[in-house]
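Trainee: The structure is given below, and queries will be raised subsequently.
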Amino acid sequence: MRKSDRYRYLIILAGLVLLEFTVRDRLGDKRVAPDFLLLALLIYTIRAQPGRSAAAGFVVGLLRDALTPASFGAGALAHTLVGYLSSWAKAVFFAENVFVNGCLFFAGTWFRNLVVLLASGGLERAQLGWELLVWSPLQSFTTAAVGILVLWMFGRSLAIRLGGSDA
């Protein structure tokens, strides 16, 4: 990777973090809006080792928990698990395909929501089912769609191969 690509990579990740705090609130219901912060973590895990991905997930989780102190620790646990498992899954499934990356973004968002809901323990059974079967898949879909769009637009700058051709 060229040095200029590394800077572009960091700028794209910083742009996703910036979108989380500026645009996400204006996209409607937070339960459906794409999670740009988690997307930045998942894009980072495509290129990073599992240990570094878990550490990055922990930092992202602490940042998210600082914004929602009622369930402090649930986000750190969830993002750490997602960071580690997505980096490991990337190594197993060779995430060089748009569909595989989209599935990784979808599964990572849904799994994060599952762990946060279970670890925070604030919902009853009916609400838990509604969150996991309706709202979480919708948010996972929007996050995956934005993630695929980001990879399509900036895949070369992120040094991620998205097809079989090297041309």
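To be explicit about the labels: the chains of the structure tokens are called A, B, and onward in the order shown, and within each one the residues are counted from 1, while ligands get numbers from 1 in the order they are shown.
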So that I can see what lies close to segment 48-59 of chain A, please list as number ranges by chain the residues with an atom at most 9 Å from it, counting only C-alpha atoms and leaving out residues fewer than 2 positions away in the same chain.
Mentor: A: 38, 41-42, 44-46, 61-64, 75-88, 91
Trainee: Could you please take those selected residues and save N, CA and C atoms as a PDB file, in the first residue's frame?
Mentor:
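Resulting contents of part.pdb:
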```
ATOM      1  N   LEU A  38     -20.130   1.992  13.588  1.00  0.00           N
ATOM      2  CA  LEU A  38     -19.916   0.550  13.468  1.00  0.00           C
ATOM      3  C   LEU A  38     -19.396   0.200  12.086  1.00  0.00           C
ATOM      4  N   LEU A  41     -15.754   0.721  12.005  1.00  0.00           N
ATOM      5  CA  LEU A  41     -15.085  -0.398  12.672  1.00  0.00           C
ATOM      6  C   LEU A  41     -15.034  -1.622  11.765  1.00  0.00           C
ATOM      7  N   LEU A  42     -16.134  -1.941  11.112  1.00  0.00           N
ATOM      8  CA  LEU A  42     -16.171  -3.124  10.254  1.00  0.00           C
ATOM      9  C   LEU A  42     -15.256  -2.975   9.037  1.00  0.00           C
ATOM     10  N   TYR A  44     -12.539  -1.221   9.074  1.00  0.00           N
ATOM     11  CA  TYR A  44     -11.195  -1.391   9.651  1.00  0.00           C
ATOM     12  C   TYR A  44     -10.865  -2.873   9.819  1.00  0.00           C
ATOM     13  N   THR A  45     -11.838  -3.672  10.256  1.00  0.00           N
ATOM     14  CA  THR A  45     -11.569  -5.090  10.515  1.00  0.00           C
ATOM     15  C   THR A  45     -11.301  -5.876   9.242  1.00  0.00           C
ATOM     16  N   ILE A  46     -11.707  -5.345   8.092  1.00  0.00           N
ATOM     17  CA  ILE A  46     -11.431  -6.046   6.833  1.00  0.00           C
ATOM     18  C   ILE A  46      -9.927  -6.152   6.613  1.00  0.00           C
ATOM     19  N   GLY A  61     -16.661   0.972  21.294  1.00  0.00           N
ATOM     20  CA  GLY A  61     -17.692   0.672  22.283  1.00  0.00           C
ATOM     21  C   GLY A  61     -17.673   1.638  23.454  1.00  0.00           C
ATOM     22  N   LEU A  62     -16.486   1.995  23.933  1.00  0.00           N
ATOM     23  CA  LEU A  62     -16.396   2.982  25.012  1.00  0.00           C
ATOM     24  C   LEU A  62     -16.904   4.347  24.564  1.00  0.00           C
ATOM     25  N   LEU A  63     -16.588   4.717  23.326  1.00  0.00           N
ATOM     26  CA  LEU A  63     -17.091   5.975  22.787  1.00  0.00           C
ATOM     27  C   LEU A  63     -18.613   5.953  22.719  1.00  0.00           C
ATOM     28  N   ARG A  64     -19.175   4.857  22.259  1.00  0.00           N
ATOM     29  CA  ARG A  64     -20.634   4.727  22.176  1.00  0.00           C
ATOM     30  C   ARG A  64     -21.252   4.706  23.574  1.00  0.00           C
ATOM     31  N   GLY A  75     -22.035  -1.685  25.235  1.00  0.00           N
ATOM     32  CA  GLY A  75     -21.499  -1.326  23.925  1.00  0.00           C
ATOM     33  C   GLY A  75     -20.043  -1.729  23.765  1.00  0.00           C
ATOM     34  N   ALA A  76     -19.258  -1.563  24.823  1.00  0.00           N
ATOM     35  CA  ALA A  76     -17.844  -1.953  24.758  1.00  0.00           C
ATOM     36  C   ALA A  76     -17.717  -3.456  24.539  1.00  0.00           C
ATOM     37  N   LEU A  77     -18.525  -4.223  25.257  1.00  0.00           N
ATOM     38  CA  LEU A  77     -18.512  -5.683  25.077  1.00  0.00           C
ATOM     39  C   LEU A  77     -18.944  -6.047  23.667  1.00  0.00           C
ATOM     40  N   ALA A  78     -20.036  -5.473  23.200  1.00  0.00           N
ATOM     41  CA  ALA A  78     -20.573  -5.808  21.885  1.00  0.00           C
ATOM     42  C   ALA A  78     -19.605  -5.433  20.768  1.00  0.00           C
ATOM     43  N   HIS A  79     -19.047  -4.243  20.814  1.00  0.00           N
ATOM     44  CA  HIS A  79     -18.139  -3.811  19.756  1.00  0.00           C
ATOM     45  C   HIS A  79     -16.826  -4.591  19.783  1.00  0.00           C
ATOM     46  N   THR A  80     -16.372  -4.972  20.972  1.00  0.00           N
ATOM     47  CA  THR A  80     -15.163  -5.799  21.056  1.00  0.00           C
ATOM     48  C   THR A  80     -15.402  -7.153  20.403  1.00  0.00           C
ATOM     49  N   LEU A  81     -16.533  -7.772  20.708  1.00  0.00           N
ATOM     50  CA  LEU A  81     -16.867  -9.064  20.097  1.00  0.00           C
ATOM     51  C   LEU A  81     -17.029  -8.944  18.589  1.00  0.00           C
ATOM     52  N   VAL A  82     -17.722  -7.900  18.147  1.00  0.00           N
ATOM     53  CA  VAL A  82     -17.920  -7.709  16.704  1.00  0.00           C
ATOM     54  C   VAL A  82     -16.585  -7.467  16.011  1.00  0.00           C
ATOM     55  N   GLY A  83     -15.723  -6.659  16.601  1.00  0.00           N
ATOM     56  CA  GLY A  83     -14.419  -6.397  16.004  1.00  0.00           C
ATOM     57  C   GLY A  83     -13.592  -7.664  15.856  1.00  0.00           C
ATOM     58  N   TYR A  84     -13.541  -8.450  16.910  1.00  0.00           N
ATOM     59  CA  TYR A  84     -12.751  -9.679  16.865  1.00  0.00           C
ATOM     60  C   TYR A  84     -13.351 -10.689  15.891  1.00  0.00           C
ATOM     61  N   LEU A  85     -14.649 -10.947  16.028  1.00  0.00           N
ATOM     62  CA  LEU A  85     -15.286 -11.971  15.204  1.00  0.00           C
ATOM     63  C   LEU A  85     -15.339 -11.590  13.728  1.00  0.00           C
ATOM     64  N   SER A  86     -15.545 -10.329  13.425  1.00  0.00           N
ATOM     65  CA  SER A  86     -15.584  -9.931  12.010  1.00  0.00           C
ATOM     66  C   SER A  86     -14.201 -10.023  11.372  1.00  0.00           C
ATOM     67  N   SER A  87     -13.167  -9.705  12.117  1.00  0.00           N
ATOM     68  CA  SER A  87     -11.815  -9.840  11.582  1.00  0.00           C
ATOM     69  C   SER A  87     -11.474 -11.308  11.364  1.00  0.00           C
ATOM     70  N   TRP A  88     -11.885 -12.146  12.293  1.00  0.00           N
ATOM     71  CA  TRP A  88     -11.656 -13.577  12.156  1.00  0.00           C
ATOM     72  C   TRP A  88     -12.465 -14.137  10.985  1.00  0.00           C
ATOM     73  N   ALA A  91     -10.956 -13.456   7.621  1.00  0.00           N
ATOM     74  CA  ALA A  91      -9.860 -14.353   7.282  1.00  0.00           C
ATOM     75  C   ALA A  91     -10.391 -15.705   6.791  1.00  0.00           C
TER      76      ALA A  91
END
```
Trainee: Just the residues within 7 Å of Val116 of chain A, please, counting only C-alpha atoms, with nothing from its chain fewer than 3 positions along; format it as a PDB file with C-alpha atoms, in the first residue's frame.
Mentor:
```
ATOM      1  CA  ALA A  74     -22.730  -3.225  26.978  1.00  0.00           C
ATOM      2  CA  GLY A  75     -21.499  -1.326  23.925  1.00  0.00           C
ATOM      3  CA  ALA A  78     -20.573  -5.808  21.885  1.00  0.00           C
ATOM      4  CA  ARG A 112     -23.876  -5.979  17.906  1.00  0.00           C
ATOM      5  CA  ASN A 113     -27.529  -5.098  18.503  1.00  0.00           C
ATOM      6  CA  ALA A 119     -26.091  -7.203  28.052  1.00  0.00           C
ATOM      7  CA  SER A 120     -28.099  -4.110  28.955  1.00  0.00           C
TER       8      SER A 120
END
```
Trainee: What lies within 12 Å of Ser140 of chain A using only C-alpha atoms, ignoring chain neighbours under 3 positions off, as an MDAnalysis selection string?
Mentor: chainID A and resid 30:36 38:39 102:114 131:137 143:147
Trainee: How would the residues just chosen look if you wrote them out with N, CA and C atoms as a CSV table (one decimal), in the first residue's frame?
Mentor:
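Result file is part-v7.csv:
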```
chain,number,residue,atom,x,y,z
A,30,LYS,N,-33.5,6.5,14.7
A,30,LYS,CA,-32.2,5.9,15.0
A,30,LYS,C,-32.1,4.4,14.9
A,31,ARG,N,-33.3,3.8,15.1
A,31,ARG,CA,-33.3,2.3,15.0
A,31,ARG,C,-33.2,1.8,13.6
A,32,VAL,N,-33.4,2.6,12.6
A,32,VAL,CA,-33.3,2.2,11.2
A,32,VAL,C,-32.1,2.9,10.5
A,33,ALA,N,-31.7,4.0,11.0
A,33,ALA,CA,-30.6,4.8,10.3
A,33,ALA,C,-29.3,3.9,10.3
A,34,PRO,N,-28.5,4.0,9.3
A,34,PRO,CA,-27.2,3.3,9.3
A,34,PRO,C,-26.3,3.7,10.4
A,35,ASP,N,-25.5,2.8,10.9
A,35,ASP,CA,-24.6,3.1,12.0
A,35,ASP,C,-23.2,3.3,11.4
A,36,PHE,N,-22.9,4.5,11.2
A,36,PHE,CA,-21.6,4.9,10.5
A,36,PHE,C,-20.4,4.5,11.4
A,38,LEU,N,-20.1,2.0,13.6
A,38,LEU,CA,-19.9,0.5,13.5
A,38,LEU,C,-19.4,0.2,12.1
A,39,LEU,N,-19.9,0.9,11.1
A,39,LEU,CA,-19.4,0.7,9.7
A,39,LEU,C,-17.9,1.0,9.6
A,102,GLY,N,-21.0,-7.2,2.3
A,102,GLY,CA,-22.3,-6.8,2.7
A,102,GLY,C,-22.9,-7.7,3.7
A,103,CYS,N,-22.7,-9.0,3.6
A,103,CYS,CA,-23.2,-9.9,4.6
A,103,CYS,C,-22.4,-9.7,5.9
A,104,LEU,N,-21.1,-9.4,5.8
A,104,LEU,CA,-20.3,-9.1,7.0
A,104,LEU,C,-20.9,-7.8,7.7
A,105,PHE,N,-21.2,-6.8,7.0
A,105,PHE,CA,-21.8,-5.6,7.6
A,105,PHE,C,-23.1,-5.9,8.2
A,106,PHE,N,-24.0,-6.6,7.5
A,106,PHE,CA,-25.3,-7.0,8.0
A,106,PHE,C,-25.2,-7.8,9.3
A,107,ALA,N,-24.4,-8.8,9.3
A,107,ALA,CA,-24.3,-9.7,10.4
A,107,ALA,C,-23.6,-9.0,11.6
A,108,GLY,N,-22.6,-8.2,11.3
A,108,GLY,CA,-22.0,-7.4,12.4
A,108,GLY,C,-22.9,-6.5,13.1
A,109,THR,N,-23.7,-5.8,12.3
A,109,THR,CA,-24.7,-4.8,12.9
A,109,THR,C,-25.7,-5.6,13.8
A,110,TRP,N,-26.3,-6.7,13.2
A,110,TRP,CA,-27.3,-7.4,13.9
A,110,TRP,C,-26.7,-8.1,15.2
A,111,PHE,N,-25.5,-8.6,15.1
A,111,PHE,CA,-24.9,-9.3,16.3
A,111,PHE,C,-24.6,-8.2,17.4
A,112,ARG,N,-24.1,-7.1,16.9
A,112,ARG,CA,-23.9,-6.0,17.9
A,112,ARG,C,-25.2,-5.6,18.6
A,113,ASN,N,-26.2,-5.4,17.9
A,113,ASN,CA,-27.5,-5.1,18.5
A,113,ASN,C,-28.0,-6.2,19.5
A,114,LEU,N,-27.8,-7.5,19.1
A,114,LEU,CA,-28.2,-8.6,20.0
A,114,LEU,C,-27.4,-8.5,21.3
A,131,GLU,N,-37.4,-5.9,18.6
A,131,GLU,CA,-36.1,-5.2,18.3
A,131,GLU,C,-35.2,-6.1,17.4
A,132,LEU,N,-35.1,-7.4,17.8
A,132,LEU,CA,-34.3,-8.3,17.0
A,132,LEU,C,-34.8,-8.8,15.7
A,133,LEU,N,-36.1,-8.8,15.6
A,133,LEU,CA,-36.7,-9.3,14.3
A,133,LEU,C,-37.2,-8.2,13.4
A,134,VAL,N,-37.3,-7.0,13.8
A,134,VAL,CA,-37.8,-5.9,13.0
A,134,VAL,C,-36.8,-4.8,12.9
A,135,TRP,N,-36.5,-4.1,14.0
A,135,TRP,CA,-35.6,-3.0,13.9
A,135,TRP,C,-34.2,-3.3,13.6
A,136,SER,N,-33.7,-4.3,14.2
A,136,SER,CA,-32.3,-4.7,14.0
A,136,SER,C,-32.0,-5.1,12.6
A,137,PRO,N,-32.8,-5.9,11.9
A,137,PRO,CA,-32.6,-6.2,10.5
A,137,PRO,C,-32.7,-5.0,9.6
A,143,THR,N,-27.2,-0.2,7.1
A,143,THR,CA,-25.7,-0.2,7.3
A,143,THR,C,-25.0,-0.9,6.3
A,144,ALA,N,-25.5,-2.1,5.9
A,144,ALA,CA,-24.8,-2.9,4.8
A,144,ALA,C,-24.9,-2.2,3.5
A,145,ALA,N,-26.0,-1.5,3.2
A,145,ALA,CA,-26.2,-0.8,1.9
A,145,ALA,C,-25.2,0.4,1.9
A,146,VAL,N,-25.1,1.1,3.0
A,146,VAL,CA,-24.1,2.2,3.0
A,146,VAL,C,-22.7,1.7,2.9
A,147,GLY,N,-22.4,0.6,3.6
A,147,GLY,CA,-21.1,-0.1,3.5
A,147,GLY,C,-20.7,-0.5,2.2
```
Trainee: List every residue of chain A that DSSP, applied to the backbone, labels as helix (DSSP H, G or I), and write the result as a PyMOL selection string.
Mentor: chain A and resi 3-22+24-27+36-47+50-67+69-71+74-93+98-120+125-154
Trainee: Can you work out which one of A:Leu37, A:Leu10, A:Ile43, A:Leu138 has the shortest atom-to-atom distance to Thr22 of chain A, counting only C-alpha atoms?
Mentor: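 Smallest distance to Thr22 of chain A is found for A:Leu37.
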Trainee: Counting only C-alpha atoms, which of A:Arg8, A:Ala70, A:Phe99, A:Gln139 gets nearest to Leu27 of chain A?
Mentor: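 Of A:Arg8, A:Ala70, A:Phe99, A:Gln139, the one nearest Leu27 of chain A, counting only C-alpha atoms, is A:Gln139.
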